[in-house]
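**Q** Just so it is clear, I am handing over structure_12.txt, which has compact mmCIF, C-alpha atoms and all ligand atoms.
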```
# COMPACT_ATOMS: atom_id res chain seq x y z
CA MET A 1 21.53 -9.57 -20.62
CA THR A 2 18.87 -7.57 -18.79
CA ILE A 3 18.97 -6.88 -15.07
CA ARG A 4 15.63 -7.28 -13.29
CA ALA A 5 14.63 -6.42 -9.73
CA ALA A 6 12.95 -9.62 -8.53
CA VAL A 7 11.16 -10.47 -5.29
CA LYS A 8 13.35 -12.58 -3.00
CA GLY A 9 11.21 -12.42 0.15
CA VAL A 10 8.01 -10.97 1.57
CA GLY A 11 6.60 -10.48 5.07
CA HIS A 12 4.21 -8.42 7.13
CA TYR A 13 3.27 -7.40 10.63
CA LEU A 14 -0.09 -6.38 12.05
CA PRO A 15 -0.52 -4.93 15.56
CA GLU A 16 -2.25 -7.27 18.00
CA ARG A 17 -5.33 -5.17 18.67
CA VAL A 18 -8.18 -5.97 16.27
CA VAL A 19 -10.99 -3.41 16.17
CA PRO A 20 -14.29 -4.69 14.74
CA ASN A 21 -16.76 -2.22 13.18
CA ALA A 22 -19.08 -2.64 16.16
CA GLU A 23 -16.59 -0.75 18.39
CA PHE A 24 -17.34 2.45 16.46
CA GLU A 25 -21.08 2.18 17.16
CA ALA A 26 -20.32 3.24 20.75
CA ILE A 27 -18.45 6.44 19.84
CA ILE A 28 -20.06 7.80 16.63
CA ASP A 29 -23.34 7.61 14.72
CA THR A 30 -22.49 4.63 12.50
CA SER A 31 -23.23 0.93 12.07
CA ASP A 32 -21.41 -2.24 11.14
CA GLU A 33 -23.85 -2.54 8.23
CA TRP A 34 -22.98 0.95 6.83
CA ILE A 35 -19.22 0.39 7.08
CA ARG A 36 -19.41 -3.09 5.47
CA SER A 37 -21.73 -2.09 2.65
CA ARG A 38 -20.03 1.24 1.77
CA SER A 39 -16.39 0.14 2.17
CA GLY A 40 -16.17 -3.66 2.58
CA ILE A 41 -14.26 -3.18 5.84
CA GLU A 42 -15.14 -5.51 8.74
CA ARG A 43 -12.21 -4.96 11.10
CA ARG A 44 -8.81 -3.27 11.26
CA HIS A 45 -5.73 -3.40 13.51
CA PHE A 46 -4.65 -0.47 15.69
CA ALA A 47 -1.14 -0.05 17.09
CA ALA A 48 -0.77 -0.14 20.87
CA GLU A 49 0.10 3.00 22.78
CA GLY A 50 3.79 3.68 22.23
CA GLN A 51 3.97 1.27 19.28
CA MET A 52 5.35 3.38 16.43
CA THR A 53 5.43 3.05 12.65
CA SER A 54 9.12 2.07 12.91
CA ASP A 55 8.21 -0.81 15.26
CA LEU A 56 5.76 -2.20 12.69
CA ALA A 57 8.27 -1.64 9.86
CA ILE A 58 11.03 -3.51 11.75
CA ARG A 59 8.76 -6.53 12.36
CA ALA A 60 7.74 -6.65 8.69
CA ALA A 61 11.38 -6.23 7.58
CA LEU A 62 12.51 -9.14 9.78
CA ALA A 63 9.72 -11.32 8.36
CA ALA A 64 10.71 -10.48 4.77
CA LEU A 65 14.41 -11.09 5.47
CA ALA A 66 13.57 -14.47 7.06
CA ASP A 67 11.45 -15.37 4.02
CA ALA A 68 14.36 -14.39 1.76
CA GLY A 69 16.86 -16.35 3.88
CA LEU A 70 18.98 -13.19 4.14
CA GLY A 71 20.41 -11.02 6.90
CA ALA A 72 20.75 -7.27 7.21
CA GLU A 73 24.37 -7.55 5.99
CA ASP A 74 23.02 -8.69 2.60
CA ILE A 75 20.95 -5.51 2.07
CA ASP A 76 22.31 -2.41 0.31
CA ALA A 77 19.37 -0.05 0.78
CA ILE A 78 16.12 0.37 2.69
CA ILE A 79 13.16 2.40 1.44
CA VAL A 80 10.17 2.94 3.73
CA ALA A 81 6.94 4.27 2.23
CA THR A 82 5.08 6.08 5.00
CA SER A 83 3.07 9.22 5.75
CA THR A 84 3.08 8.52 9.48
CA PRO A 85 6.76 8.67 10.48
CA ASP A 86 7.54 8.42 14.21
CA LEU A 87 9.16 11.87 13.95
CA THR A 88 9.29 14.50 11.22
CA PHE A 89 12.89 13.33 10.80
CA PRO A 90 15.01 11.23 10.73
CA ALA A 91 13.48 8.84 8.24
CA VAL A 92 11.76 5.72 9.56
CA ALA A 93 14.07 3.83 7.16
CA THR A 94 17.13 4.86 9.21
CA MET A 95 15.38 3.61 12.37
CA VAL A 96 14.84 0.26 10.66
CA GLN A 97 18.45 0.28 9.47
CA ALA A 98 19.75 0.78 13.04
CA ALA A 99 17.39 -1.85 14.50
CA LEU A 100 18.56 -4.41 11.94
CA GLY A 101 22.19 -3.67 12.84
CA MET A 102 22.95 -2.55 9.30
CA THR A 103 25.90 -0.15 9.34
CA ARG A 104 26.52 0.29 5.61
CA GLY A 105 24.37 1.19 2.63
CA PHE A 106 21.64 3.82 2.79
CA ALA A 107 18.06 4.26 3.92
CA PHE A 108 15.35 6.82 3.18
CA ASP A 109 11.58 7.35 3.26
CA VAL A 110 9.20 7.97 0.38
CA GLN A 111 6.01 9.92 1.02
CA ALA A 112 3.30 9.44 -1.58
CA VAL A 113 0.56 8.54 0.91
CA CYS A 114 -1.59 5.57 -0.20
CA ALA A 115 0.41 5.29 -3.44
CA GLY A 116 3.67 5.28 -1.45
CA PHE A 117 4.50 1.61 -1.92
CA VAL A 118 4.16 1.82 -5.70
CA PHE A 119 6.49 4.87 -5.69
CA ALA A 120 8.94 3.07 -3.36
CA LEU A 121 8.98 -0.08 -5.51
CA THR A 122 9.65 2.02 -8.61
CA ASN A 123 12.53 3.79 -6.85
CA ALA A 124 13.98 0.48 -5.66
CA ASN A 125 13.76 -0.85 -9.21
CA ALA A 126 15.64 2.21 -10.50
CA LEU A 127 18.37 1.78 -7.85
CA ILE A 128 18.82 -1.87 -8.85
CA LEU A 129 18.75 -1.25 -12.62
CA SER A 130 21.28 1.61 -12.29
CA GLY A 131 23.66 -0.53 -10.23
CA GLN A 132 23.35 1.60 -7.05
CA ALA A 133 22.14 -1.42 -5.05
CA ARG A 134 21.86 -5.17 -5.56
CA ARG A 135 19.35 -5.84 -2.79
CA VAL A 136 16.75 -3.38 -1.51
CA LEU A 137 14.35 -3.81 1.38
CA VAL A 138 11.12 -2.01 0.41
CA ILE A 139 8.69 -1.44 3.26
CA GLY A 140 5.24 0.11 3.55
CA ALA A 141 4.43 0.96 7.18
CA GLU A 142 1.72 3.16 8.68
CA THR A 143 -0.06 4.06 11.90
CA PHE A 144 -2.97 5.98 10.37
CA SER A 145 -4.96 5.55 13.59
CA ARG A 146 -2.82 8.44 14.89
CA LEU A 147 -4.15 10.78 12.17
CA MET A 148 -7.84 10.13 12.78
CA ASN A 149 -10.41 12.71 13.85
CA TRP A 150 -12.55 10.40 16.00
CA LYS A 151 -15.54 12.69 15.53
CA ASP A 152 -15.47 12.40 11.72
CA ARG A 153 -17.47 9.29 10.90
CA GLY A 154 -16.69 9.72 7.19
CA THR A 155 -13.00 8.89 7.76
CA CYS A 156 -12.26 7.36 11.19
CA VAL A 157 -13.91 4.01 10.36
CA LEU A 158 -11.87 3.50 7.20
CA PHE A 159 -8.21 3.33 8.22
CA GLY A 160 -5.95 0.88 10.04
CA ASP A 161 -2.33 0.23 11.02
CA GLY A 162 0.17 -2.31 9.70
CA ALA A 163 3.31 -2.95 7.70
CA GLY A 164 4.50 -5.12 4.84
CA ALA A 165 7.92 -5.59 3.26
CA LEU A 166 9.59 -7.03 0.18
CA VAL A 167 13.21 -7.87 -0.47
CA LEU A 168 14.07 -7.07 -4.08
CA GLU A 169 17.28 -8.35 -5.63
CA ALA A 170 19.08 -7.99 -8.95
CA VAL A 171 18.71 -11.08 -11.14
CA ASP A 172 19.69 -11.76 -14.73
CA GLY A 173 16.77 -11.67 -17.13
CA THR A 174 16.29 -12.18 -20.84
CA GLY A 175 14.56 -8.88 -21.48
CA THR A 176 11.22 -10.59 -22.17
CA THR A 177 7.98 -10.55 -20.17
CA ALA A 178 8.77 -14.12 -19.08
CA ASP A 179 11.40 -12.67 -16.71
CA ARG A 180 10.80 -12.64 -12.97
CA GLY A 181 10.82 -9.19 -11.38
CA ILE A 182 9.53 -5.71 -12.13
CA LEU A 183 8.59 -5.42 -15.80
CA SER A 184 7.16 -1.88 -15.90
CA ALA A 185 5.79 0.96 -13.82
CA ASP A 186 3.61 4.04 -14.26
CA LEU A 187 3.69 6.94 -11.78
CA ASN A 188 1.47 10.04 -11.68
CA SER A 189 0.56 12.95 -9.46
CA ASP A 190 -1.61 16.03 -9.82
CA GLY A 191 -1.30 18.62 -7.07
CA ARG A 192 -4.41 20.46 -8.23
CA PHE A 193 -6.32 17.89 -6.18
CA ARG A 194 -4.27 18.32 -2.96
CA ASP A 195 -7.32 19.63 -1.05
CA ILE A 196 -9.55 16.57 -1.39
CA LEU A 197 -7.35 14.38 0.82
CA TYR A 198 -4.83 15.86 3.24
CA VAL A 199 -3.71 16.12 6.87
CA ASN A 200 -4.34 19.53 8.42
CA GLY A 201 -1.10 19.64 10.40
CA GLY A 202 2.65 19.94 9.95
CA THR A 203 5.20 22.73 10.28
CA SER A 204 2.51 25.24 9.32
CA THR A 205 0.50 24.44 12.47
CA GLY A 206 3.03 22.92 14.84
CA THR A 207 0.72 19.91 15.27
CA THR A 208 0.50 16.47 13.70
CA GLY A 209 -3.03 17.21 12.47
CA HIS A 210 -5.91 15.00 11.35
CA LEU A 211 -6.87 13.40 8.07
CA VAL A 212 -9.47 15.33 6.07
CA MET A 213 -11.11 13.72 3.03
CA GLU A 214 -13.82 14.47 0.50
CA GLY A 215 -14.61 10.77 0.16
CA LYS A 216 -16.91 11.01 -2.84
CA GLU A 217 -14.40 13.06 -4.86
CA VAL A 218 -11.51 10.71 -4.05
CA PHE A 219 -13.75 7.77 -4.96
CA ARG A 220 -14.54 9.32 -8.35
CA HIS A 221 -10.84 9.90 -9.17
CA ALA A 222 -9.89 6.42 -7.95
CA ILE A 223 -12.33 4.60 -10.20
CA GLU A 224 -11.16 6.61 -13.21
CA LYS A 225 -7.41 6.74 -12.61
CA LEU A 226 -6.58 3.26 -11.27
CA ALA A 227 -7.65 1.27 -14.31
CA GLU A 228 -5.95 3.86 -16.55
CA THR A 229 -2.59 3.58 -14.78
CA ALA A 230 -2.76 -0.22 -14.71
CA HIS A 231 -3.48 -0.29 -18.44
CA ARG A 232 -0.59 2.10 -19.12
CA ALA A 233 1.87 -0.02 -17.10
CA LEU A 234 0.72 -3.21 -18.85
CA ASP A 235 1.03 -1.47 -22.20
CA LYS A 236 4.60 -0.38 -21.43
CA ALA A 237 5.48 -4.03 -20.71
CA GLY A 238 3.73 -5.21 -23.88
CA LEU A 239 1.09 -7.09 -21.87
CA THR A 240 -2.71 -6.99 -21.61
CA PRO A 241 -5.15 -7.56 -18.72
CA GLU A 242 -5.66 -11.12 -20.03
CA ASP A 243 -2.04 -11.88 -19.08
CA VAL A 244 -2.65 -10.85 -15.45
CA ASP A 245 -2.81 -13.61 -12.82
CA TRP A 246 -3.43 -11.26 -9.88
CA ILE A 247 -4.37 -7.65 -9.40
CA VAL A 248 -2.98 -6.66 -6.00
CA PRO A 249 -4.72 -3.32 -5.45
CA HIS A 250 -4.42 -0.69 -2.75
CA GLN A 251 -7.07 -1.74 -0.22
CA ALA A 252 -9.20 1.36 0.42
CA ASN A 253 -12.71 0.29 -0.49
CA ILE A 254 -14.11 -2.94 -1.96
CA ARG A 255 -16.27 -0.90 -4.34
CA ILE A 256 -13.15 0.81 -5.77
CA ILE A 257 -11.37 -2.57 -6.03
CA GLU A 258 -14.37 -4.11 -7.85
CA GLY A 259 -14.85 -1.07 -10.08
CA THR A 260 -11.20 -1.11 -11.16
CA ALA A 261 -11.22 -4.87 -11.84
CA LYS A 262 -14.40 -4.47 -13.90
CA ARG A 263 -12.88 -1.67 -15.99
CA MET A 264 -9.83 -3.88 -16.56
CA GLN A 265 -12.12 -6.82 -17.39
CA VAL A 266 -10.34 -8.98 -14.82
CA PRO A 267 -12.68 -11.19 -12.76
CA MET A 268 -12.69 -10.77 -8.98
CA ASP A 269 -11.30 -14.29 -8.46
CA ARG A 270 -8.02 -12.87 -9.80
CA VAL A 271 -7.90 -9.99 -7.30
CA VAL A 272 -6.23 -10.24 -3.87
CA VAL A 273 -8.63 -8.68 -1.35
CA THR A 274 -7.68 -7.98 2.28
CA VAL A 275 -9.64 -4.77 2.91
CA GLN A 276 -12.19 -6.63 5.07
CA ASP A 277 -9.47 -7.52 7.61
CA HIS A 278 -7.07 -4.55 7.44
CA GLY A 279 -9.11 -1.49 6.43
CA ASN A 280 -7.11 1.13 4.55
CA THR A 281 -3.51 0.94 5.76
CA SER A 282 -2.28 3.49 3.20
CA ALA A 283 1.26 2.65 1.97
CA ALA A 284 1.22 -0.64 3.88
CA SER A 285 -1.80 -2.08 2.10
CA ILE A 286 -0.13 -3.46 -1.04
CA PRO A 287 2.82 -5.20 0.68
CA LEU A 288 0.37 -6.54 3.28
CA ALA A 289 -1.82 -7.92 0.47
CA LEU A 290 1.23 -9.40 -1.29
CA SER A 291 2.32 -11.15 1.91
CA VAL A 292 -1.17 -12.39 2.81
CA GLY A 293 -1.85 -13.37 -0.82
CA LYS A 294 1.28 -15.51 -0.83
CA ALA A 295 0.47 -17.06 2.58
CA ARG A 296 -3.06 -17.92 1.37
CA GLY A 297 -1.53 -19.77 -1.60
CA GLN A 298 -3.00 -17.31 -4.11
CA ILE A 299 0.26 -15.78 -5.39
CA LYS A 300 2.70 -18.36 -6.76
CA PRO A 301 6.15 -18.17 -8.37
CA GLY A 302 5.86 -17.07 -12.00
CA ASP A 303 2.50 -15.31 -11.56
CA LEU A 304 2.03 -11.96 -13.30
CA LEU A 305 0.92 -9.27 -10.85
CA VAL A 306 -0.33 -5.73 -11.25
CA THR A 307 -0.34 -3.47 -8.21
CA GLU A 308 -2.21 -0.15 -8.36
CA ALA A 309 -2.82 2.60 -5.81
CA ILE A 310 -4.07 6.16 -5.41
CA GLY A 311 -3.98 8.58 -2.50
CA GLY A 312 -3.34 12.08 -1.24
CA GLY A 313 -1.66 14.48 -3.64
CA LEU A 314 -3.32 13.15 -5.62
CA ALA A 315 -0.60 10.59 -6.35
CA TRP A 316 -1.26 7.33 -8.15
CA GLY A 317 0.48 4.60 -10.08
CA SER A 318 1.01 0.95 -10.78
CA VAL A 319 3.75 -1.64 -11.09
CA VAL A 320 3.70 -4.81 -13.20
CA LEU A 321 5.87 -7.61 -11.87
CA ARG A 322 6.33 -11.32 -12.28
CA TRP A 323 6.52 -13.02 -8.87
O1 LIG B 1 -6.72 5.41 0.11
C1 LIG B 1 -7.10 6.37 -0.81
C2 LIG B 1 -7.97 7.34 -0.23
N1 LIG B 1 -9.27 6.99 0.16
C3 LIG B 1 -10.20 6.38 -0.60
O2 LIG B 1 -9.96 5.82 -1.63
C4 LIG B 1 -11.62 6.49 -0.13
C5 LIG B 1 -12.51 6.94 -1.22
N2 LIG B 1 -13.88 7.13 -0.81
C6 LIG B 1 -14.67 6.15 -0.32
O3 LIG B 1 -14.24 5.04 -0.13
C7 LIG B 1 -16.14 6.45 -0.07
O4 LIG B 1 -16.47 7.68 -0.66
C8 LIG B 1 -16.54 6.45 1.42
C9 LIG B 1 -16.48 5.03 1.98
C10 LIG B 1 -15.58 7.35 2.19
C11 LIG B 1 -17.95 6.97 1.58
O5 LIG B 1 -18.85 6.25 0.79
P1 LIG B 1 -19.95 7.02 -0.08
O6 LIG B 1 -20.79 6.00 -0.71
O7 LIG B 1 -19.19 7.96 -1.00
O8 LIG B 1 -20.79 7.78 1.00
P2 LIG B 1 -21.00 9.34 1.19
O9 LIG B 1 -19.74 10.00 1.62
O10 LIG B 1 -21.70 9.88 0.00
O11 LIG B 1 -22.03 9.33 2.39
C12 LIG B 1 -23.34 8.81 2.26
C13 LIG B 1 -24.04 9.07 3.56
C14 LIG B 1 -23.96 10.51 4.03
O12 LIG B 1 -25.19 10.85 4.63
P3 LIG B 1 -26.25 11.74 3.80
O13 LIG B 1 -25.55 13.01 3.46
O14 LIG B 1 -26.62 10.90 2.61
O15 LIG B 1 -27.35 11.89 4.80
C15 LIG B 1 -22.88 10.45 5.10
O16 LIG B 1 -23.06 11.46 6.09
O17 LIG B 1 -23.46 8.25 4.58
C16 LIG B 1 -23.15 9.09 5.71
N3 LIG B 1 -21.96 8.55 6.36
C17 LIG B 1 -22.05 7.58 7.31
N4 LIG B 1 -23.11 6.94 7.85
C18 LIG B 1 -22.84 6.00 8.78
C19 LIG B 1 -20.66 8.85 6.18
N5 LIG B 1 -19.89 8.11 6.99
C20 LIG B 1 -20.73 7.30 7.69
C21 LIG B 1 -20.53 6.33 8.69
N6 LIG B 1 -21.62 5.71 9.19
N7 LIG B 1 -19.30 5.97 9.12
```
Any chance you could put this one into structure tokens?
**A**
Amino acid sequence: MTIRAAVKGVGHYLPERVVPNAEFEAIIDTSDEWIRSRSGIERRHFAAEGQMTSDLAIRAALAALADAGLGAEDIDAIIVATSTPDLTFPAVATMVQAALGMTRGFAFDVQAVCAGFVFALTNANALILSGQARRVLVIGAETFSRLMNWKDRGTCVLFGDGAGALVLEAVDGTGTTADRGILSADLNSDGRFRDILYVNGGTSTGTTGHLVMEGKEVFRHAIEKLAETAHRALDKAGLTPEDVDWIVPHQANIRIIEGTAKRMQVPMDRVVVTVQDHGNTSAASIPLALSVGKARGQIKPGDLLVTEAIGGGLAWGSVVLRW
């Protein structure tokens, strides 16, 4: 018998305030047309004043638990993928744990920026396969609006806030690719590229700092590395792109999403796209897309999914799972 970490529930939360591209025309030299054509983004959500990453994470967690038909007492561990924690410490995951009224088990954050959810899912899978936990709440939650330099038109129009969550649980599998759950994963990072996407604050400055990005360079790496990691993960599972029902990519830029799908030879009607509505929500983008993809009726039980993401570090990776 093989243990698999399978999806039991999914949910998301987006802050109320929707910011259309046109709002930026008043504060910087940009246009709705430029933002749409260069990134595919039409609008994004921004958290309200005082609304923290943990608040978004808690709402997404409750939605995923409701979808799973479970309560906090059924969960053994919480992992939050975030680069925008409310505080340097404690972990956002412990804030979620307390809010859910969960007084046992353990909770921690994973920081791999836009690839954070893929890293968190892989960690949750390892906890389940090693018997450390039977059910893990995996959350991606971000308030990237708080890291923006509002004078930098090359970055401030691209990011948004939100949260998504999955409940993973141990199920018995057969050890074949017909099993539900996580079938394989591929993780990578290369710190030589740490300067092309970073936040210029932290303990070294005593400030939170702002996001700094060499967009063109990140774009170049993304196009090259995302299809590679997805192919490697599929290979590890003994699958090919033809087996894939849905690519659920990190939602940074429609041109990156299309370029990756093309390299994988998967048509765009098998790609879940939410970037137009959410912008780049970093670690929240994949769980948001999973939740929205399910709600739209795109993702169905038994479908084979590939998630892939890249971000600051650089850190990148992919997970293959059967829904
Ligand atoms: O989540 C993972 C991390 N992030 C990403 O994956 C993002 C990766 N990069 C990208 O998505 C794209 O590189 C961008 C969307 C950031 C930029 O698109 P681009 O096609 O690479 O444009 P560019 O940076 O080469 O800029 C083209 C022009 C420049 O003007 P000049 O030098 O040609 O005169 C920019 O100054 O567009 C200008 N520009 C803008 N114009 C209007 C840059 N930002 C804006 C803007 N509005 N907001």
**Q** Within 8 Å of Leu166 (chain A), counting all atoms listed in the file, which residues show up once you throw out same-chain ones fewer than 6 positions away? Write them as a JSON list (two decimals) with C-alpha atoms, keeping the file's coordinate frame, please.
**A**
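Output saved as selection-v4.json:
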```
[["chain", "number", "residue", "atom", "x", "y", "z"],
["A", 7, "VAL", "CA", 11.16, -10.47, -5.29],
["A", 8, "LYS", "CA", 13.35, -12.58, -3.00],
["A", 9, "GLY", "CA", 11.21, -12.42, 0.15],
["A", 10, "VAL", "CA", 8.01, -10.97, 1.57],
["A", 11, "GLY", "CA", 6.60, -10.48, 5.07],
["A", 61, "ALA", "CA", 11.38, -6.23, 7.58],
["A", 64, "ALA", "CA", 10.71, -10.48, 4.77],
["A", 137, "LEU", "CA", 14.35, -3.81, 1.38],
["A", 138, "VAL", "CA", 11.12, -2.01, 0.41],
["A", 139, "ILE", "CA", 8.69, -1.44, 3.26],
["A", 287, "PRO", "CA", 2.82, -5.20, 0.68]]
```
**Q** Using only C-alpha atoms, what table do you get, as CSV, when you list each residue of region 83-137 of chain A with an atom no more than 10 Å from region 291-310 of chain A, its nearest pair of atoms, and their distance in Å rounded to one decimal, rows by chain then rising number?
**A**
```
residue,atom,partner,partner_atom,distance
A:Ala112,CA,A:Ile310,CA,8.9
A:Val113,CA,A:Ile310,CA,8.2
A:Cys114,CA,A:Ile310,CA,5.8
A:Ala115,CA,A:Ala309,CA,4.8
A:Gly116,CA,A:Ala309,CA,8.3
A:Phe117,CA,A:Ala309,CA,8.3
A:Val118,CA,A:Ala309,CA,7.0
A:Phe119,CA,A:Ala309,CA,9.6
```
**Q** Around ligand LIG 1 (chain B), with edges along x, y and z and 5 Å added on all six sides, what centre and edge lengths do you get, in Å to one decimal, as AutoDock Vina command-line options?
**A**
```
--center_x -17.0 --center_y 9.0 --center_z 3.8 --size_x 30.6 --size_y 18.0 --size_z 20.8
```
**Q** Please identify every polymer residue within 9 Å of ligand LIG 1 (chain B), using all atoms listed in the file, and present the set as a count of residues only.
**A** 52
**Q** Considering all atoms listed in the file, return as a VMD selection string whatever protein or nucleic-acid residues lie within 7 Å of Thr143 (chain A), sequence-local ones (same chain, fewer than 6 positions apart) excluded.
**A** chain A and resid 47 53 84 160 to 162
**Q** Okay, now the selection with C-alpha atoms, as a compact mmCIF listing (two decimals), in the coordinates of the input?
**A**
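again39.txt was written with the following content:
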```
# COMPACT_ATOMS: atom_id res chain seq x y z
CA ALA A 47 -1.14 -0.05 17.09
CA THR A 53 5.43 3.05 12.65
CA THR A 84 3.08 8.52 9.48
CA GLY A 160 -5.95 0.88 10.04
CA ASP A 161 -2.33 0.23 11.02
CA GLY A 162 0.17 -2.31 9.70
```
**Q** Using Å and a single decimal, report how far CA of Ala163 (chain A) sits from CA of Ala77 (chain A).
**A**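 Atom-to-atom, CA of Ala77 (chain A) and CA of Ala163 (chain A) are spaced 17.7 Å apart.
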**Q** Any chance you could tabulate, as a tab-separated table, the residues of region 17-62 of chain A at most 9 Å from region 93-110 of chain A with each one's nearest atom pair and distance in Å to one decimal, using all atoms listed in the file, in chain and rising number order?
**A**
```
residue	atom	partner	partner_atom	distance
A:Ser54	CA	A:Val96	CA	6.4
A:Asp55	CA	A:Val96	CA	8.1
A:Ala57	CA	A:Val96	CA	6.9
A:Ile58	CA	A:Val96	CA	5.5
A:Ala61	CA	A:Val96	CA	8.0
A:Leu62	CA	A:Leu100	CA	8.0
```
**Q** Mind checking which residues fall within 12 Å of Ser184 (chain A), counting all atoms listed in the file, ignoring those fewer than 4 positions away in the same chain, and posting them as number ranges by chain?
**A** A: 4-5, 118, 121-123, 125-126, 175-177, 179-180, 229-239, 304-307, 317-322
**Q** At what distance in Å, to one decimal, does CA of Val273 (chain A) lie from CA of Val136 (chain A)?
**A**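 Atom-to-atom, CA of Val136 (chain A) and CA of Val273 (chain A) are spaced 25.9 Å apart.
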**Q** Tell me which of A:Ile27, A:Gly69, A:Gly173, A:Ala120 sits closest to Ile3 (chain A), counting all atoms listed in the file.
**A**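 Looking at the shortest contact to Ile3 (chain A), the residue is A:Gly173.
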**Q** Identify which of the residues A:Thr88, A:Thr2, A:Thr82, A:Gln132 lies closest to Gln111 (chain A), counting only C-alpha atoms when measuring atom-to-atom distances.
**A**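 Smallest separation from Gln111 (chain A) among the options: A:Thr82.
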**Q** Pick out the closest residue to Ala68 (chain A) from this set: A:Leu147, A:Ile41, A:Ala124, A:Ala165. Count all atoms listed in the file.
**A**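 Of A:Leu147, A:Ile41, A:Ala124, A:Ala165, the one nearest Ala68 (chain A) is A:Ala165, counting all atoms listed in the file.
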**Q** Can you work out which one of A:Trp316, A:Ala91, A:Asp86, A:Ala170 has the shortest atom-to-atom distance to Gly191 (chain A), counting all atoms listed in the file?
**A** A:Trp316
